[in-house]
Each structure stands twice: as C-alpha cells, then as structure tokens.
Amino acid sequence: MNSKSKWVLSGVSSILALSLLMPAAHANSSKLDELEQEQQQVQKEQQKLEKERKKIEQKEEDLSSGIQKKESEIQETSSELDRIVSEIQQLDKKMQETQSKINTVQAEIDQTKEEIDELKEAIKELERKIDERTELLKERARAIQMSGGSVEYIDVLLGANSFIDFIDRFSAVNTLIEADREIMREQAADKKELAAKQEAVETILANQEERRAELVSLKASLDSQKKQQAGLKKQMEAEQKRLASEKNSLEAQHEEALEVNAALEKQIMGQQSRMAKLAQQEEAERARIAEAERKAAAEKAAAEKAAAERAAAEKAAAERAAAEKAAAEKSSAQSSSASAAPAPAPTPAPTPAPAPVVKPSANFVMPASGRHTSGFGGRDIGAGAETHLGYDIANSPGTPIVASAAGFVSYAGTMNGYGNVIIINHSINGQPYATVYAHLNSIGVSVGQKVGQRQYIGGMGNTGRSTGPHLHFEIHVGSWNGSRSNAVNPANYLSY
C-alpha cells in the first residue's frame, strides 16, 4: 500500500470515530428538549393553578368582608331590636301607670257621682224648704190682700187700748217683721247654697271627666306607639333572620372556597414537587451529558491520537522503506556490508486535556445587602415567644433582592403573613432545595421563569406580618410545604 492510500485510510478512521459520537449528542439534545418541554407544560399548569388560587383568595377575601359586614349589620339590628324592646317595655310600664291613673280617676268620678247623688238629695231638700217658704209668703200675701190691702203696722200700734196692749202689739209686730225677714234671709241663703253646690259639683265632675279624657287619650297614644314599636320589632326580627340566613350562606361559600383553596394548595405543592423533580432530572441529564461529552472528547482525542500515531508510524515505515531502497541501490555500488541506518522513532502526538466537568455550586449567596436583624430559631418581637424559620435582612424599601441560587420560580404573589413572596426551586448536586423571599414591595419575576444566581427578582418591602422594611429569607431542603417542616438555618448554607 502506498503512502497516499495510508493517509486516506487514516482520515476515514477519524471520520468514523467522530460519526460514532454524533448520535449520542443528538440523543442528549433530544432528552433535554423533552425535559424542557415538560417543564414548560408544568409551568403553564402551575400558572393556571396560581390564577385560580388568586381568584379563590380574592373570593375568600370578598366573602370574609361580606361576613364581617353581615355581622356588623346583625349587631346593629340587634342593638336596634334591643332598643325597640326596651321602648316597648317602657311603653308597657307607662300604659300600666296610665291605666292605674285612669282607674284612680274613674274611682274618683264614681265617688263624685255618689256625692252628686247625695248633693242632689240635699238640693231636693233645699228646694222643698224653698217651696214651703214660698208657699208661706204666698199665704201672707193672700192674707194681706183679704184684709183690704197692705197692713200698716203703725195702725196696729195706735189701736192699742192701753200701754200694756201697746207693748203686746209692738212685740207682736216685731215678731212678724223679724219672721218675714228670717224667711227672706233663709230663702236667699238656701238659693245661694243651692247654686254654689250645683256649680261645685258640675266643676268637679267636668274636671274629672276632662282628666279622664286626657288619660284615655294618653293611653290610646301609648297603645298606638306600642303597636308601632311592635311592628318595628317584627321588621327587625325579620331583618335579623334575613341577615343571619345571608351570613350562613356566605359562611358556607367561604368554607367551600377554603376547601377549594386547600385543594389548589395541594395541587400547587404537587406541581412544585414535580418542578423540583424535573429540575433535578435536568441537572442529572446535564451532568450525564457533560460526562458523555467528556468521554466523547476523550475518545475523540484517543482516536485522533491513534490516527496520528498510525500516520506517524506509516510515515516512518515509508521513510524507512525509501531509505532502505536507496541504501539497496547504493549498496550495489558499494560494499554489501553497508546497511541502512534505522529510521528515528516517531514523536507521539500530545494527548489533549479532558474537558472540565462543570458542577453546580453547593453554596447559596446572600440575597440582599443590609443588616442582619433576626436569625433562625426562637425569638420574641412583642407578640410572645415564637419560632423563626428564616434569616432577616433589614434595609431601605426597594433594596434589590437577588436569587440566592439558580432555579425555577414556583410561586410569585401574596401569601398570608409572608405578604408579597417569591419561592424558587433549585437542584444542587442532585439535591432539591427551595428558597423563600418574603415581605417584598415589588415582584420582578413570574411563575415558571428560570432565574440565574444573583439575578434580580424583586425589591425589599414591609408587606404581610412585618415590623419594618426587611427581607425574610428561608431555605428548605426539598420542596417548600405549608408547614415549613423542612426549613433549615440559612446561615449554614450562605456564602458571605
């Protein structure tokens, strides 16, 4: 075989060696594409779940607000109902007092009527006496008329036969005159007394009837007020019943929303675990690819080295053959004892250095600049003893927050005491982790987004259960869970 053919054979061998590595590289790329597609699908599902969760949380908030509003309205109607019941009780008391007064006045009226009856009897007696005196006076008048006119008392006196007769006549005249005067005085007094008693009785009776009428009117007014208050009470009781029914309905909806939210939380946790698993698989795949590429590079270098050695050996053999041929031709003219000198050994090609294996760092970097204010473990910030499962860094609002390690955003939004919070899933040396960044005043990433170490993700804030602008940072071995049972002390993992 000539030297040209040998060089062609060496090139073909190198090409074949390279072609053997190409299918493996294609397979590696396809596997990563599948993992990335699956991650994108998980991200879409998680984004959908997060949207549903936000809707449910908004519904929970609206329902809680509605329940509080109904409770406030129920308290208001209850207070109003208590007030109405109190007024009804007061009206009942007033009605009882008024009825008692009416009964008293009625008793007085009855007593007055009895007195009036007695007075009427007295009036009848007076009228009888007056009638008798009137009749007596009439008799006197008739006697005077029958005697021929008026009687002159002076004639009676002058007609005396003696002084003793005069005295008797004078005494008789005085008696008659005084009797007439007494009759007239008694007649006038009895008439005056009769008129006064009639007026007194009529006045007393009129006053009592007026007072009774006022009390009856007052009782009617109180009864009307009581009926009105009873109507209001009935309305308030109906309103309370309606509000209680609406509150029960809202509470049932709120309970249902809580159950739905719990189910969504469970699904989200499942998706986070799935994302963490995919990230772990991706890291393992990349490590496998890196190892395969390293081996391929080593095999390629070995193939190239072997090809180079074969080429060098073939070249040396060709050179030796040429030298031997030249020496043989020369030996025909020279002494047959001469021999060709051996060809120098080929210089081996340098072995290429293997490709470096890239491994993710096991360290987490500090996620923000500032002052360390609270560590992992027990503490008391004014609300009593509690367990603090994070690492607090205080600084001014808006201080940049960066990802402590590369990974995928599994949550970005509000969450109870965390306020605005971001959760990132990581896979480091095959171990899944989750980091939490809480109390933010701004969020700069979205669910499913891939972030690099030290990449900006948000701004420091004071949202949620917070006593001032700071970052609450957590590290979890494995995926984050609601109970935070796998939280670890970040100080043992952070590189300063």
# chains A, B, ... in the order shown; residues from 1 in each chain; ligands from 1
>>> select_by_dssp(residues="region 239-410 of chain A", states="alpha helix (DSSP H)", output="number ranges by chain")
A: 239-331
>>> residues_around(residues="Val85 (chain A)", least_positions_apart="2", cutoff="10 Å", atoms="only C-alpha atoms", output="ChimeraX atom specification")
/A:79-83,87-91,226,229-230,232-233
>>> closest_residue(among="A:Ala244, A:Ala323, A:Glu209, A:Ala290", to="Ala107 (chain A)", atoms="only C-alpha atoms")
A:Glu209
>>> residues_around(residues="region 212-218 of chain A", least_positions_apart="2", cutoff="7 Å", atoms="only C-alpha atoms", output="compact mmCIF listing (two decimals) with N, CA, C and O atoms, in the first residue's frame")
# COMPACT_ATOMS: atom_id res chain seq x y z
N THR A 98 -100.57 54.67 83.41
CA THR A 98 -101.70 55.47 82.92
C THR A 98 -103.02 54.77 83.24
O THR A 98 -103.99 55.42 83.65
N ILE A 102 -106.03 56.12 85.32
CA ILE A 102 -107.40 56.11 84.81
C ILE A 102 -108.33 55.44 85.81
O ILE A 102 -109.43 55.93 86.09
N VAL A 105 -108.83 57.85 88.70
CA VAL A 105 -109.76 58.94 88.33
C VAL A 105 -111.18 58.42 88.19
O VAL A 105 -112.15 59.08 88.60
N GLN A 208 -112.99 66.12 86.39
CA GLN A 208 -112.69 64.68 86.40
C GLN A 208 -112.91 64.06 85.03
O GLN A 208 -112.13 63.22 84.58
N GLU A 209 -113.98 64.48 84.37
CA GLU A 209 -114.23 63.96 83.02
C GLU A 209 -113.14 64.41 82.06
O GLU A 209 -112.69 63.63 81.21
N GLU A 210 -112.65 65.64 82.22
CA GLU A 210 -111.57 66.14 81.36
C GLU A 210 -110.27 65.37 81.62
O GLU A 210 -109.56 64.99 80.68
N ALA A 220 -104.43 55.77 74.62
CA ALA A 220 -104.57 55.46 73.19
C ALA A 220 -103.30 55.78 72.42
O ALA A 220 -102.87 55.03 71.55
N SER A 221 -102.65 56.91 72.80
CA SER A 221 -101.38 57.29 72.15
C SER A 221 -100.29 56.27 72.46
O SER A 221 -99.53 55.85 71.58
N LEU A 222 -100.22 55.87 73.74
CA LEU A 222 -99.23 54.87 74.14
C LEU A 222 -99.49 53.54 73.44
O LEU A 222 -98.56 52.85 73.01
>>> closest_residue(among="A:Glu193, A:Ser245, A:Arg53, A:Gly430", to="Glu71 (chain A)", atoms="only C-alpha atoms")
A:Ser245
>>> closest_residue(among="A:Ala405, A:Ile74, A:Ala303, A:Val42", to="Lys241 (chain A)", atoms="only C-alpha atoms")
A:Ile74
